[in-house]
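> Next up is a structure, given as structure tokens.
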Amino acid sequence: MELYQLEYLVAIYEHKTILKAAQALNVAQPSMTKAIKKLEDEFGFLLFDRNKNRLVINEAGLCAVEHAQSVLKEINNLKRATIKTHQNNLVLNLASNAPAPLWAVNQLVTSKVNNFISRDNETLIKGFNNLEYDLIILDYPINKPNIKCHKVCDEQLFIAVKPNHELSHKAEVTFDDINGYNILQISNVGYWYEVTTEHLPLSKFVLQENVENYNILVEASDLPVFRTNLTIEKYRDKENRVYIPITDPEAKLSFYAIYHQRNDHLFKSVFENIHKVDYSKFKPF
């Protein structure tokens with residue numbers, strides 16, 4: 001007796017006919033008929049009465065269906081419990097070229113994770129190909145066989161200044177407008193660091209590695225800082241600053257998560273719910 005025979009038996013009972021049951025399970029009707037006949041042969045008696053080319057389940061068949069449903073339910077419970085235990089004890093290595101999208105994925109992954117941020121996309125891709133990372137986040141999609149690619153978010157860069165700053169009256173700015181201003185920045189911002197330093201060659205960056213020290217300096221200093229559309233909500237009520245969007249194309253990025261198709265059971269639900277992440281709770285790594 002095989003599990004698929006029990007699945008067919010229950011499907012025929014629930015859908016009333018072999019044709020509908022076969023369609024529901026995407027199985028060829030002759031294969032289902034053969035499997036049920038084999039099951040009846042194993043029992044040594046009929047589970048269905050044949051009346052004018054119709055199957056009518058009999059009392060023995062009803063008893064078999066009841067127990068088959070119980071067996072299939074326990075099999076599903078076994079699978080779910082085993083997968084959950086596996087995921088709870090699994091440690092995933094996730095890497096990104098920017099912190100906010102990586103943080104978002106972290107909110108939905110149920111396994112333990114190690115997080116890595118690199119400004120170099122080639123380093124991330126090499127690590128992924130060498131199986132060092134289970135998932136990477138890049139600022140462009142990848143379309144390859146056996147690779148899953150999901151959009152995580154869109155992110156736009158803003159400059160945040162105090163209300164008395166000379167830029168505070170502007171509705172928008174370009175990199176040229178802010179080139180030359182000294183800017184306070186946390187060091188672990190991945191690809192955004194490359195973008196800002198490349199387009200602001202005359203600016204000096206006061207870098208902080210420690211998040212707590214950075215937050216203290218942001219509160220005490222009049223220096224501009226960078227924010228994005230994803231992080232503004234976290235800081236809006238905590239700092240007295242004006243947020244001005246930077247309109248250059250390079251100040252807008254879309255981020256994509258890439259992982260192997262074999263790990264879809266680990267990440268599928270993440271990207272079904274990624275749009276629900278509340279970025280007001282964002283915490284830099």
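Each chain in the structure tokens gets a letter, A, B and so on, in the order shown; residues start at 1 in every chain, and ligands are counted from 1 in the order they appear.
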With DSSP run on the backbone, what are the helix (DSSP H, G or I) residues within range 33-143 of chain A? I'd like them as a PyMOL selection string.

chain A and resi 33-43+59-89+99-108+121-129

> Just want the 9 Å neighbourhood of Ser254 in chain A, counted on only C-alpha atoms, with same-chain residues fewer than 6 positions away dropped. Output as a VMD selection string.

chain A and resid 138 to 141 151 to 156

> Nearest to Ala251 in chain A among A:Glu198, A:Glu209, A:Asp134, A:Glu14, with distances taken over only C-alpha atoms: which residue is it?

A:Glu198

> Pick from A:Leu6, A:Ala160, A:Cys63, A:Ala100: nearest to Ile75 in chain A, with only C-alpha atoms counted?

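Comparing A:Leu6, A:Ala160, A:Cys63, A:Ala100 against Ile75 in chain A, the winner is A:Leu6.
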
> Please indicate the distance in Å from CA of Asn58 in chain A to CA of Leu46 in chain A, rounded to one decimal place.

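These atoms are spaced 8.1 Å apart.
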
> Which polymer residues have any atom within 12 Å of an atom of Cys149 in chain A, counting only C-alpha atoms, with same-chain residues fewer than 6 positions away left out, as a list in words?

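Counting only the stated atoms, we get Leu135, Ile136, Ile137, Leu138, Asp139, Tyr140, Pro141, Ile142, Asn143, Phe255, Tyr256, Ala257, Ile258, Tyr259, His260, Gln261, Asn263, Asp264, Phe267, Lys268 and Phe271 of chain A.
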
> Please save N, CA, C and O atoms of the selected residues as a PDB file, in the first residue's frame.


```
ATOM      1  N   LEU A 135      21.693  33.571   0.312  1.00  0.00           N
ATOM      2  CA  LEU A 135      20.913  34.595  -0.380  1.00  0.00           C
ATOM      3  C   LEU A 135      21.741  35.864  -0.452  1.00  0.00           C
ATOM      4  O   LEU A 135      22.418  36.218   0.516  1.00  0.00           O
ATOM      5  N   ILE A 136      21.690  36.525  -1.601  1.00  0.00           N
ATOM      6  CA  ILE A 136      22.355  37.821  -1.728  1.00  0.00           C
ATOM      7  C   ILE A 136      21.349  38.850  -2.242  1.00  0.00           C
ATOM      8  O   ILE A 136      20.362  38.494  -2.902  1.00  0.00           O
ATOM      9  N   ILE A 137      21.601  40.102  -1.933  1.00  0.00           N
ATOM     10  CA  ILE A 137      20.762  41.200  -2.413  1.00  0.00           C
ATOM     11  C   ILE A 137      21.633  42.149  -3.218  1.00  0.00           C
ATOM     12  O   ILE A 137      22.649  42.651  -2.725  1.00  0.00           O
ATOM     13  N   LEU A 138      21.217  42.377  -4.471  1.00  0.00           N
ATOM     14  CA  LEU A 138      21.932  43.248  -5.385  1.00  0.00           C
ATOM     15  C   LEU A 138      21.015  44.363  -5.850  1.00  0.00           C
ATOM     16  O   LEU A 138      19.796  44.297  -5.644  1.00  0.00           O
ATOM     17  N   ASP A 139      21.579  45.367  -6.507  1.00  0.00           N
ATOM     18  CA  ASP A 139      20.770  46.461  -7.024  1.00  0.00           C
ATOM     19  C   ASP A 139      20.393  46.241  -8.476  1.00  0.00           C
ATOM     20  O   ASP A 139      20.082  47.194  -9.202  1.00  0.00           O
ATOM     21  N   TYR A 140      20.367  44.994  -8.918  1.00  0.00           N
ATOM     22  CA  TYR A 140      19.868  44.634 -10.242  1.00  0.00           C
ATOM     23  C   TYR A 140      19.441  43.163 -10.196  1.00  0.00           C
ATOM     24  O   TYR A 140      19.939  42.383  -9.366  1.00  0.00           O
ATOM     25  N   PRO A 141      18.501  42.763 -11.056  1.00  0.00           N
ATOM     26  CA  PRO A 141      18.033  41.371 -11.029  1.00  0.00           C
ATOM     27  C   PRO A 141      18.985  40.444 -11.764  1.00  0.00           C
ATOM     28  O   PRO A 141      19.800  40.872 -12.586  1.00  0.00           O
ATOM     29  N   ILE A 142      18.875  39.162 -11.472  1.00  0.00           N
ATOM     30  CA  ILE A 142      19.625  38.124 -12.174  1.00  0.00           C
ATOM     31  C   ILE A 142      18.631  37.098 -12.704  1.00  0.00           C
ATOM     32  O   ILE A 142      17.760  36.629 -11.959  1.00  0.00           O
ATOM     33  N   ASN A 143      18.735  36.778 -13.968  1.00  0.00           N
ATOM     34  CA  ASN A 143      17.842  35.805 -14.599  1.00  0.00           C
ATOM     35  C   ASN A 143      18.665  34.630 -15.097  1.00  0.00           C
ATOM     36  O   ASN A 143      19.262  34.684 -16.170  1.00  0.00           O
ATOM     37  N   PHE A 255      16.285  46.974  -5.310  1.00  0.00           N
ATOM     38  CA  PHE A 255      17.074  45.869  -4.772  1.00  0.00           C
ATOM     39  C   PHE A 255      16.354  44.541  -4.984  1.00  0.00           C
ATOM     40  O   PHE A 255      15.127  44.444  -4.844  1.00  0.00           O
ATOM     41  N   TYR A 256      17.156  43.522  -5.318  1.00  0.00           N
ATOM     42  CA  TYR A 256      16.622  42.206  -5.656  1.00  0.00           C
ATOM     43  C   TYR A 256      17.332  41.127  -4.839  1.00  0.00           C
ATOM     44  O   TYR A 256      18.559  41.160  -4.687  1.00  0.00           O
ATOM     45  N   ALA A 257      16.555  40.189  -4.343  1.00  0.00           N
ATOM     46  CA  ALA A 257      17.108  39.057  -3.602  1.00  0.00           C
ATOM     47  C   ALA A 257      17.288  37.875  -4.546  1.00  0.00           C
ATOM     48  O   ALA A 257      16.393  37.560  -5.339  1.00  0.00           O
ATOM     49  N   ILE A 258      18.427  37.226  -4.459  1.00  0.00           N
ATOM     50  CA  ILE A 258      18.765  36.104  -5.334  1.00  0.00           C
ATOM     51  C   ILE A 258      19.104  34.898  -4.469  1.00  0.00           C
ATOM     52  O   ILE A 258      19.897  35.006  -3.520  1.00  0.00           O
ATOM     53  N   TYR A 259      18.490  33.767  -4.781  1.00  0.00           N
ATOM     54  CA  TYR A 259      18.806  32.529  -4.065  1.00  0.00           C
ATOM     55  C   TYR A 259      18.553  31.332  -4.973  1.00  0.00           C
ATOM     56  O   TYR A 259      17.878  31.449  -6.000  1.00  0.00           O
ATOM     57  N   HIS A 260      19.097  30.182  -4.595  1.00  0.00           N
ATOM     58  CA  HIS A 260      18.933  28.974  -5.403  1.00  0.00           C
ATOM     59  C   HIS A 260      17.512  28.429  -5.261  1.00  0.00           C
ATOM     60  O   HIS A 260      16.918  28.463  -4.178  1.00  0.00           O
ATOM     61  N   GLN A 261      16.974  27.923  -6.341  1.00  0.00           N
ATOM     62  CA  GLN A 261      15.610  27.416  -6.360  1.00  0.00           C
ATOM     63  C   GLN A 261      15.399  26.327  -5.311  1.00  0.00           C
ATOM     64  O   GLN A 261      14.312  26.194  -4.745  1.00  0.00           O
ATOM     65  N   ASN A 263      16.257  26.319  -2.420  1.00  0.00           N
ATOM     66  CA  ASN A 263      15.978  26.930  -1.111  1.00  0.00           C
ATOM     67  C   ASN A 263      14.663  27.696  -1.099  1.00  0.00           C
ATOM     68  O   ASN A 263      14.416  28.487  -0.188  1.00  0.00           O
ATOM     69  N   ASP A 264      13.810  27.435  -2.083  1.00  0.00           N
ATOM     70  CA  ASP A 264      12.551  28.170  -2.160  1.00  0.00           C
ATOM     71  C   ASP A 264      11.681  27.945  -0.918  1.00  0.00           C
ATOM     72  O   ASP A 264      10.957  28.840  -0.490  1.00  0.00           O
ATOM     73  N   PHE A 267      12.598  30.613   1.629  1.00  0.00           N
ATOM     74  CA  PHE A 267      12.415  32.034   1.341  1.00  0.00           C
ATOM     75  C   PHE A 267      11.094  32.390   0.669  1.00  0.00           C
ATOM     76  O   PHE A 267      10.776  33.576   0.541  1.00  0.00           O
ATOM     77  N   LYS A 268      10.333  31.404   0.239  1.00  0.00           N
ATOM     78  CA  LYS A 268       9.103  31.704  -0.505  1.00  0.00           C
ATOM     79  C   LYS A 268       8.167  32.618   0.281  1.00  0.00           C
ATOM     80  O   LYS A 268       7.678  33.625  -0.228  1.00  0.00           O
ATOM     81  N   PHE A 271       9.118  36.436   0.542  1.00  0.00           N
ATOM     82  CA  PHE A 271       8.835  37.370  -0.551  1.00  0.00           C
ATOM     83  C   PHE A 271       7.351  37.432  -0.900  1.00  0.00           C
ATOM     84  O   PHE A 271       6.934  38.290  -1.671  1.00  0.00           O
TER      85      PHE A 271
END
```

> Find the residues near range 176-179 of chain A: any atom within 10 Å, counting only C-alpha atoms, skip ones fewer than 5 places away on the same chain, and give them as a PyMOL selection string.

chain A and resi 159+167+196-197+199-204+224+246+248

> Please, which residues of range 88-121 of chain A, numbered as in this document, come out strand (DSSP E or B) from DSSP, as a PDB file with N, CA, C and O atoms, in the first residue's frame?


```pdb
ATOM      1  N   VAL A  91      21.215  27.799  10.176  1.00  0.00           N
ATOM      2  CA  VAL A  91      21.821  29.125  10.187  1.00  0.00           C
ATOM      3  C   VAL A  91      22.084  29.519   8.738  1.00  0.00           C
ATOM      4  O   VAL A  91      22.840  28.860   8.030  1.00  0.00           O
ATOM      5  N   LEU A  92      21.427  30.592   8.311  1.00  0.00           N
ATOM      6  CA  LEU A  92      21.561  31.067   6.939  1.00  0.00           C
ATOM      7  C   LEU A  92      22.533  32.231   6.865  1.00  0.00           C
ATOM      8  O   LEU A  92      22.565  33.077   7.759  1.00  0.00           O
ATOM      9  N   ASN A  93      23.286  32.277   5.800  1.00  0.00           N
ATOM     10  CA  ASN A  93      24.197  33.385   5.547  1.00  0.00           C
ATOM     11  C   ASN A  93      23.587  34.286   4.469  1.00  0.00           C
ATOM     12  O   ASN A  93      23.408  33.860   3.328  1.00  0.00           O
ATOM     13  N   LEU A  94      23.233  35.506   4.873  1.00  0.00           N
ATOM     14  CA  LEU A  94      22.615  36.462   3.974  1.00  0.00           C
ATOM     15  C   LEU A  94      23.562  37.635   3.756  1.00  0.00           C
ATOM     16  O   LEU A  94      24.166  38.125   4.712  1.00  0.00           O
ATOM     17  N   ALA A  95      23.662  38.098   2.522  1.00  0.00           N
ATOM     18  CA  ALA A  95      24.589  39.190   2.212  1.00  0.00           C
ATOM     19  C   ALA A  95      23.911  40.181   1.284  1.00  0.00           C
ATOM     20  O   ALA A  95      23.086  39.814   0.440  1.00  0.00           O
ATOM     21  N   SER A  96      24.265  41.447   1.440  1.00  0.00           N
ATOM     22  CA  SER A  96      23.624  42.511   0.669  1.00  0.00           C
ATOM     23  C   SER A  96      24.604  43.633   0.409  1.00  0.00           C
ATOM     24  O   SER A  96      25.587  43.809   1.135  1.00  0.00           O
ATOM     25  N   LYS A 112      17.813  31.171  11.988  1.00  0.00           N
ATOM     26  CA  LYS A 112      18.880  32.045  12.468  1.00  0.00           C
ATOM     27  C   LYS A 112      19.689  32.508  11.262  1.00  0.00           C
ATOM     28  O   LYS A 112      19.829  31.792  10.280  1.00  0.00           O
ATOM     29  N   VAL A 113      20.241  33.722  11.354  1.00  0.00           N
ATOM     30  CA  VAL A 113      20.967  34.269  10.207  1.00  0.00           C
ATOM     31  C   VAL A 113      22.280  34.914  10.633  1.00  0.00           C
ATOM     32  O   VAL A 113      22.413  35.427  11.746  1.00  0.00           O
ATOM     33  N   ASN A 114      23.220  34.856   9.719  1.00  0.00           N
ATOM     34  CA  ASN A 114      24.426  35.676   9.777  1.00  0.00           C
ATOM     35  C   ASN A 114      24.316  36.691   8.644  1.00  0.00           C
ATOM     36  O   ASN A 114      24.014  36.314   7.503  1.00  0.00           O
ATOM     37  N   ASN A 115      24.550  37.968   8.947  1.00  0.00           N
ATOM     38  CA  ASN A 115      24.392  39.027   7.951  1.00  0.00           C
ATOM     39  C   ASN A 115      25.739  39.601   7.539  1.00  0.00           C
ATOM     40  O   ASN A 115      26.617  39.806   8.382  1.00  0.00           O
ATOM     41  N   PHE A 116      25.858  39.860   6.255  1.00  0.00           N
ATOM     42  CA  PHE A 116      27.085  40.436   5.713  1.00  0.00           C
ATOM     43  C   PHE A 116      26.713  41.569   4.747  1.00  0.00           C
ATOM     44  O   PHE A 116      25.768  41.438   3.969  1.00  0.00           O
ATOM     45  N   ILE A 117      27.438  42.661   4.810  1.00  0.00           N
ATOM     46  CA  ILE A 117      27.241  43.767   3.872  1.00  0.00           C
ATOM     47  C   ILE A 117      28.546  44.029   3.140  1.00  0.00           C
ATOM     48  O   ILE A 117      29.607  44.143   3.764  1.00  0.00           O
TER      49      ILE A 117
END
```

> Do you have the CA of Asn215 in chain A-CA of Val109 in chain A distance handy?

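Taking CA of Asn215 in chain A and CA of Val109 in chain A, their separation equals 27.2 Å.
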
> Point out the residue among A:Trp192, A:Phe205, A:Tyr214, A:Phe175 with the least atom-to-atom distance to Thr228 in chain A, counting only C-alpha atoms.

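Answer, going by the shortest atom-to-atom distance: A:Trp192.
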
> Got a sec: who's within 9 Å of Glu7 in chain A, counting only C-alpha atoms, leaving out chain neighbours fewer than 2 positions off, as a ChimeraX atom specification?

/A:3-5,9-12,25,68-69,72
